[in-house]
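Coordinates as given in my_file_35.cif (mmCIF, C-alpha atoms):
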data_target
loop_
_atom_site.label_atom_id
_atom_site.label_comp_id
_atom_site.auth_asym_id
_atom_site.auth_seq_id
_atom_site.Cartn_x
_atom_site.Cartn_y
_atom_site.Cartn_z
CA MET Q 408 41.53 6.13 -11.32
CA GLU Q 409 42.50 6.10 -7.65
CA ASP Q 410 40.21 7.54 -5.01
CA ASP Q 411 41.10 11.00 -3.80
CA PRO Q 412 42.03 10.63 -0.09
CA THR Q 413 41.28 14.30 0.54
CA CYS Q 414 37.53 14.07 -0.05
CA GLY Q 415 34.58 11.83 0.79
CA PRO Q 416 31.02 11.77 2.10
CA ILE Q 417 29.91 13.87 5.07
CA LEU Q 418 28.23 12.06 7.97
CA ASP Q 419 26.13 14.04 10.44
CA ASN Q 420 23.03 13.81 12.65
CA VAL Q 421 23.20 10.12 13.56
CA ALA Q 422 20.17 8.66 15.36
CA VAL Q 423 19.28 5.22 16.70
CA LYS Q 424 15.62 4.30 17.14
CA LYS Q 425 14.13 1.17 18.68
CA LEU Q 426 11.55 -0.26 16.28
CA PHE Q 427 8.59 -2.45 17.10
CA THR Q 428 6.21 -4.33 14.84
CA PRO Q 429 2.58 -3.31 15.43
CA GLU Q 430 0.00 -6.06 15.73
CA PRO Q 431 -2.41 -6.25 12.78
CA ALA Q 432 -5.81 -4.74 13.48
CA GLN Q 433 -8.67 -7.17 14.07
CA ASP Q 434 -10.27 -6.26 10.75
CA ASN Q 435 -7.04 -5.87 8.74
CA ALA Q 436 -4.50 -8.59 7.90
CA VAL Q 437 -1.79 -6.05 7.01
CA THR Q 438 0.87 -5.16 9.57
CA ASN Q 439 1.76 -1.46 9.76
CA GLY Q 440 -0.54 -0.72 6.83
CA ASP Q 441 -0.63 2.97 7.74
CA PHE Q 442 3.21 3.14 7.76
CA GLU Q 443 3.16 5.06 11.04
CA GLU Q 444 5.93 2.89 12.48
CA GLY Q 445 9.25 3.39 10.71
CA PRO Q 446 12.76 4.83 10.94
CA TRP Q 447 13.66 7.95 12.86
CA MET Q 448 12.95 11.13 10.92
CA PHE Q 449 14.74 14.35 11.79
CA ALA Q 450 12.58 17.46 12.04
CA ASP Q 451 14.45 19.08 9.15
CA ALA Q 452 14.40 15.97 6.91
CA ALA Q 453 12.80 17.80 3.99
CA LEU Q 454 13.84 15.06 1.54
CA GLY Q 455 12.33 12.21 3.57
CA VAL Q 456 14.23 9.02 4.40
CA LEU Q 457 15.43 6.62 1.71
CA LEU Q 458 14.79 2.96 2.57
CA PRO Q 459 17.20 0.58 0.81
CA THR Q 460 16.43 -3.05 0.03
CA ASN Q 461 16.20 -5.42 2.98
CA LEU Q 462 15.39 -8.57 1.01
CA GLY Q 463 16.71 -11.63 2.83
CA GLN Q 464 17.23 -9.74 6.09
CA ASP Q 465 15.48 -10.48 9.37
CA VAL Q 466 15.01 -6.83 10.32
CA SER Q 467 13.22 -4.13 8.33
CA SER Q 468 13.45 -0.39 8.91
CA LEU Q 469 9.77 -0.36 7.87
CA PRO Q 470 8.25 -2.97 10.23
CA GLY Q 471 6.06 -5.53 8.51
CA TRP Q 472 7.28 -4.58 5.03
CA ILE Q 473 10.06 -5.71 2.70
CA VAL Q 474 11.82 -3.41 0.25
CA GLU Q 475 12.57 -6.17 -2.23
CA SER Q 476 14.18 -4.25 -5.07
CA ASP Q 477 17.48 -2.79 -6.23
CA ARG Q 478 16.40 0.81 -5.67
CA ALA Q 479 15.20 2.57 -2.55
CA VAL Q 480 11.75 3.91 -1.72
CA ARG Q 481 11.15 7.14 0.19
CA TYR Q 482 9.61 7.31 3.66
CA VAL Q 483 7.83 10.68 3.93
CA ASP Q 484 6.14 12.69 6.67
CA SER Q 485 3.22 15.10 6.68
CA ASP Q 486 5.43 18.02 7.76
CA HIS Q 487 7.17 18.13 4.38
CA TYR Q 488 4.94 16.10 2.04
CA THR Q 489 1.27 15.52 1.33
CA VAL Q 490 0.32 12.37 3.24
CA PRO Q 491 -3.14 10.81 2.68
CA GLN Q 492 -3.65 9.60 6.25
CA GLY Q 493 -1.81 10.04 9.55
CA LYS Q 494 1.77 11.33 9.73
CA ARG Q 495 3.70 8.90 7.49
CA ALA Q 496 3.47 7.27 4.05
CA VAL Q 497 5.70 5.69 1.38
CA GLU Q 498 6.59 7.32 -1.94
CA LEU Q 499 7.41 4.76 -4.63
CA LEU Q 500 10.46 5.64 -6.74
CA SER Q 501 12.28 4.12 -9.71
CA GLY Q 502 9.38 2.29 -11.35
CA LYS Q 503 9.62 -1.51 -11.15
CA GLU Q 504 12.95 -1.17 -9.34
CA GLY Q 505 11.27 0.17 -6.19
CA VAL Q 506 8.99 -2.53 -4.74
CA ILE Q 507 7.49 -2.90 -1.26
CA SER Q 508 5.74 -6.12 -0.24
CA GLN Q 509 4.30 -8.04 2.68
CA MET Q 510 3.05 -11.57 3.32
CA VAL Q 511 -0.37 -11.51 5.01
CA ALA Q 512 -2.38 -14.30 6.64
CA THR Q 513 -5.29 -15.54 4.51
CA ALA Q 514 -7.62 -18.53 4.27
CA PRO Q 515 -7.42 -20.57 1.04
CA GLU Q 516 -10.34 -20.12 -1.37
CA LYS Q 517 -11.62 -17.14 0.59
CA GLN Q 518 -12.23 -13.80 -1.09
CA TYR Q 519 -10.45 -10.66 0.12
CA SER Q 520 -10.25 -6.98 -0.67
CA LEU Q 521 -6.89 -5.20 -0.93
CA ALA Q 522 -7.73 -1.55 -0.27
CA PHE Q 523 -5.26 1.33 -0.19
CA THR Q 524 -4.87 5.02 -0.95
CA VAL Q 525 -2.77 6.38 -3.81
CA GLY Q 526 -1.92 10.03 -4.26
CA SER Q 527 0.59 12.78 -4.88
CA ALA Q 528 3.30 13.65 -2.36
CA GLY Q 529 2.99 17.33 -3.25
CA ASP Q 530 6.63 17.46 -4.39
CA SER Q 531 6.05 18.68 -7.98
CA CYS Q 532 6.19 15.14 -9.34
CA GLN Q 533 5.31 15.09 -13.03
CA ALA Q 534 2.22 13.17 -14.14
CA PRO Q 535 1.15 10.53 -14.84
CA LEU Q 536 1.29 8.85 -11.45
CA ALA Q 537 0.22 5.22 -11.22
CA VAL Q 538 0.70 2.19 -8.98
CA MET Q 539 0.79 -1.50 -9.86
CA ALA Q 540 -0.77 -3.51 -7.03
CA PHE Q 541 -0.39 -7.26 -6.52
CA ALA Q 542 -2.39 -9.63 -4.32
CA GLY Q 543 -1.58 -13.30 -4.84
CA ASP Q 544 -2.06 -14.07 -8.53
CA GLN Q 545 -4.03 -10.87 -9.14
CA ALA Q 546 -2.49 -7.62 -10.41
CA GLN Q 547 -4.00 -4.30 -11.43
CA ASN Q 548 -2.74 -0.80 -12.16
CA PHE Q 549 -4.31 2.23 -10.52
CA HIS Q 550 -3.84 5.76 -11.85
CA TYR Q 551 -3.99 8.79 -9.62
CA SER Q 552 -6.76 10.82 -11.26
CA PRO Q 553 -7.93 13.31 -8.65
CA ALA Q 554 -11.25 15.12 -8.78
CA GLY Q 555 -11.12 18.80 -7.86
CA ASN Q 556 -8.52 19.52 -5.19
CA ALA Q 557 -8.19 15.92 -3.98
CA THR Q 558 -4.59 14.91 -3.25
CA HIS Q 559 -5.33 11.18 -3.06
CA VAL Q 560 -7.88 8.61 -4.23
CA PRO Q 561 -8.98 5.22 -2.87
CA ALA Q 562 -8.15 2.00 -4.73
CA ASN Q 563 -9.35 -1.57 -4.34
CA LEU Q 564 -8.32 -4.97 -5.71
CA THR Q 565 -10.45 -8.05 -5.01
CA PHE Q 566 -8.72 -11.44 -4.98
CA THR Q 567 -9.25 -15.04 -3.90
CA ALA Q 568 -6.52 -16.42 -1.64
CA GLN Q 569 -4.81 -19.61 -2.79
CA ALA Q 570 -2.82 -20.30 0.38
CA GLU Q 571 -2.55 -19.50 4.08
CA ARG Q 572 -0.22 -16.61 3.28
CA THR Q 573 -0.60 -14.18 0.39
CA ARG Q 574 1.92 -11.68 -0.94
CA VAL Q 575 0.75 -8.10 -1.49
CA ALA Q 576 3.09 -5.70 -3.27
CA PHE Q 577 3.28 -2.26 -4.87
CA TYR Q 578 5.52 -0.43 -7.31
CA SER Q 579 5.29 2.70 -9.45
CA ILE Q 580 4.44 2.02 -13.09
CA TYR Q 581 6.36 5.04 -14.37
CA TYR Q 582 9.82 6.49 -13.79
CA ASN Q 583 8.77 9.95 -12.62
CA THR Q 584 10.90 13.03 -11.99
CA ARG Q 585 10.10 16.39 -10.44
CA SER Q 586 9.05 19.23 -12.72
CA ASP Q 587 11.29 21.76 -10.95
CA ASP Q 588 14.56 20.02 -11.86
CA ARG Q 589 13.56 17.07 -14.12
CA SER Q 590 16.22 14.86 -12.54
CA SER Q 591 15.15 14.06 -8.96
CA LEU Q 592 13.20 10.81 -8.78
CA CYS Q 593 9.70 10.87 -7.33
CA GLY Q 594 6.48 8.89 -7.65
CA PRO Q 595 3.04 8.11 -6.26
CA VAL Q 596 2.40 7.90 -2.52
CA VAL Q 597 0.82 4.76 -1.03
CA ASP Q 598 -0.88 4.74 2.37
CA ASP Q 599 -3.57 3.10 4.51
CA VAL Q 600 -3.16 -0.44 3.13
CA LYS Q 601 -5.78 -2.98 4.23
CA VAL Q 602 -6.60 -6.61 3.44
CA VAL Q 603 -10.11 -7.50 4.57
CA ALA Q 604 -12.15 -10.67 4.02
CA VAL Q 605 -15.31 -10.18 1.99
CA SER Q 606 -18.26 -12.41 1.09
CA SER Q 607 -17.85 -14.29 -2.16
CA VAL Q 608 -20.12 -13.44 -5.06
CA ALA Q 609 -21.37 -17.01 -5.14
CA GLY Q 610 -22.17 -16.95 -1.44
CA LEU Q 611 -23.99 -13.66 -1.77
CA ALA Q 612 -25.98 -14.97 -4.73
CA ALA Q 613 -26.92 -18.08 -2.75
CA VAL Q 614 -28.16 -15.98 0.15
CA GLN Q 615 -30.15 -13.75 -2.19
CA PHE Q 616 -31.67 -16.82 -3.90
CA GLY Q 617 -32.57 -18.29 -0.50
CA LEU Q 618 -34.28 -15.08 0.58
CA VAL Q 619 -36.28 -14.89 -2.65
CA LYS Q 620 -37.33 -18.53 -2.28
CA PHE Q 621 -38.34 -17.93 1.36
CA PHE Q 622 -40.52 -14.94 0.50
CA LEU Q 623 -42.17 -16.81 -2.39
CA VAL Q 624 -43.04 -19.73 -0.11
CA ALA Q 625 -44.30 -17.37 2.58
CA PHE Q 626 -46.41 -15.48 0.05
CA THR Q 627 -47.90 -18.77 -1.23
CA VAL Q 628 -48.78 -19.92 2.30
CA VAL Q 629 -50.41 -16.60 3.16
CA SER Q 630 -52.39 -16.66 -0.10
CA LEU Q 631 -53.67 -20.17 0.64
CA VAL Q 632 -54.69 -19.22 4.19
CA LEU Q 633 -56.49 -16.08 3.09
CA GLY Q 634 -58.06 -17.86 0.13
#
Whole structure given in structure tokens:
Amino acid sequence: MEDDPTCGPILDNVAVKKLFTPEPAQDNAVTNGDFEEGPWMFADAALGVLLPTNLGQDVSSLPGWIVESDRAVRYVDSDHYTVPQGKRAVELLSGKEGVISQMVATAPEKQYSLAFTVGSAGDSCQAPLAVMAFAGDQAQNFHYSPAGNATHVPANLTFTAQAERTRVAFYSIYYNTRSDDRSSLCGPVVDDVKVVAVSSVAGLAAVQFGLVKFFLVAFTVVSLVLG
């Protein structure tokens, strides 16, 4: 069937925005973990901004992040959606076909915590909402199970880095649609992503053992002196 030359898409409200890549915070290895830096968003953009894949490209419309999948993810703002922190966040769509990722600087054999917030965008997305999070060779799913009127919950994944750079990634476990039309794709919101170095369990145990040994020796010395 030939294309109809009398119809086609409508193009309107074109904007060009200069993007910059924020420097990672001193205590966070993730760049733009709060998603505050991103594409231009019109004031009446009630449906958010769809971010297509940029895998293999040098420039990302979401600085620091790669949309490495066949389907888009949605960039949302707090004027039209429920955002856990700040003014911007990312809503994961299309299940495993909507992945965002980033390579972060790490030290081999050092333990880290991948912390983030997962929640509902407030767009009538049908439950269940859940995120699969990856950090190096570790993976874990996190379900959005709010208590009371909470619109988001914290999540944390502990991992041991195997190299000087570690991939962190997220996608929605389910293929969710909105309850008001049962056809529009939606999903969980991810925000406030952090990768922070933490003390290893072995190191903490060694310190605790050393403290116990010190106090036992001190107690013995004091007992001998007083005796």
Fill in: Long-range neighbours of Met448 of chain Q as a count of residues only, 10 Å cut-off, all atoms listed in the file, 3 positions minimum in chain
11
Fill in: Given the PyMOL selection byres ((chain Q and resi 472) around 12), the residues it picks as a ChimeraX atom specification
/Q:428-429,437-442,444-445,458-471,473-475,480,497,506-511,574-577,600
Practice prompt. Work out how far atom CA of Asp598 of chain Q is from atom CA of Tyr551 of chain Q, in Å to one decimal.
Written response: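 Distance reported for this atom pair: 13.0 Å.
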Worksheet item: Once the PyMOL selection byres ((chain Q and resi 524-527) around 8) has been applied to the shown file, what residues remain in the selection, as a PyMOL selection string?
Response: chain Q and resi 489+491+522-523+528-530+532+536+538+551+558-562+594-600
Export of the given selection (C-alpha atoms) as a PDB file, in the frame of the given file:
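And here is the file that came out, selection-v4.pdb:
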ATOM      1  CA  THR Q 489       1.270  15.520   1.330  1.00  0.00           C
ATOM      2  CA  PRO Q 491      -3.140  10.810   2.680  1.00  0.00           C
ATOM      3  CA  ALA Q 522      -7.730  -1.550  -0.270  1.00  0.00           C
ATOM      4  CA  PHE Q 523      -5.260   1.330  -0.190  1.00  0.00           C
ATOM      5  CA  ALA Q 528       3.300  13.650  -2.360  1.00  0.00           C
ATOM      6  CA  GLY Q 529       2.990  17.330  -3.250  1.00  0.00           C
ATOM      7  CA  ASP Q 530       6.630  17.460  -4.390  1.00  0.00           C
ATOM      8  CA  CYS Q 532       6.190  15.140  -9.340  1.00  0.00           C
ATOM      9  CA  LEU Q 536       1.290   8.850 -11.450  1.00  0.00           C
ATOM     10  CA  VAL Q 538       0.700   2.190  -8.980  1.00  0.00           C
ATOM     11  CA  TYR Q 551      -3.990   8.790  -9.620  1.00  0.00           C
ATOM     12  CA  THR Q 558      -4.590  14.910  -3.250  1.00  0.00           C
ATOM     13  CA  HIS Q 559      -5.330  11.180  -3.060  1.00  0.00           C
ATOM     14  CA  VAL Q 560      -7.880   8.610  -4.230  1.00  0.00           C
ATOM     15  CA  PRO Q 561      -8.980   5.220  -2.870  1.00  0.00           C
ATOM     16  CA  ALA Q 562      -8.150   2.000  -4.730  1.00  0.00           C
ATOM     17  CA  GLY Q 594       6.480   8.890  -7.650  1.00  0.00           C
ATOM     18  CA  PRO Q 595       3.040   8.110  -6.260  1.00  0.00           C
ATOM     19  CA  VAL Q 596       2.400   7.900  -2.520  1.00  0.00           C
ATOM     20  CA  VAL Q 597       0.820   4.760  -1.030  1.00  0.00           C
ATOM     21  CA  ASP Q 598      -0.880   4.740   2.370  1.00  0.00           C
ATOM     22  CA  ASP Q 599      -3.570   3.100   4.510  1.00  0.00           C
ATOM     23  CA  VAL Q 600      -3.160  -0.440   3.130  1.00  0.00           C
TER      24      VAL Q 600
END
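Our summary of the geometry notes that atom CA of Phe549 of chain Q is positioned 17.7 Å from atom CA of Val490 of chain Q.
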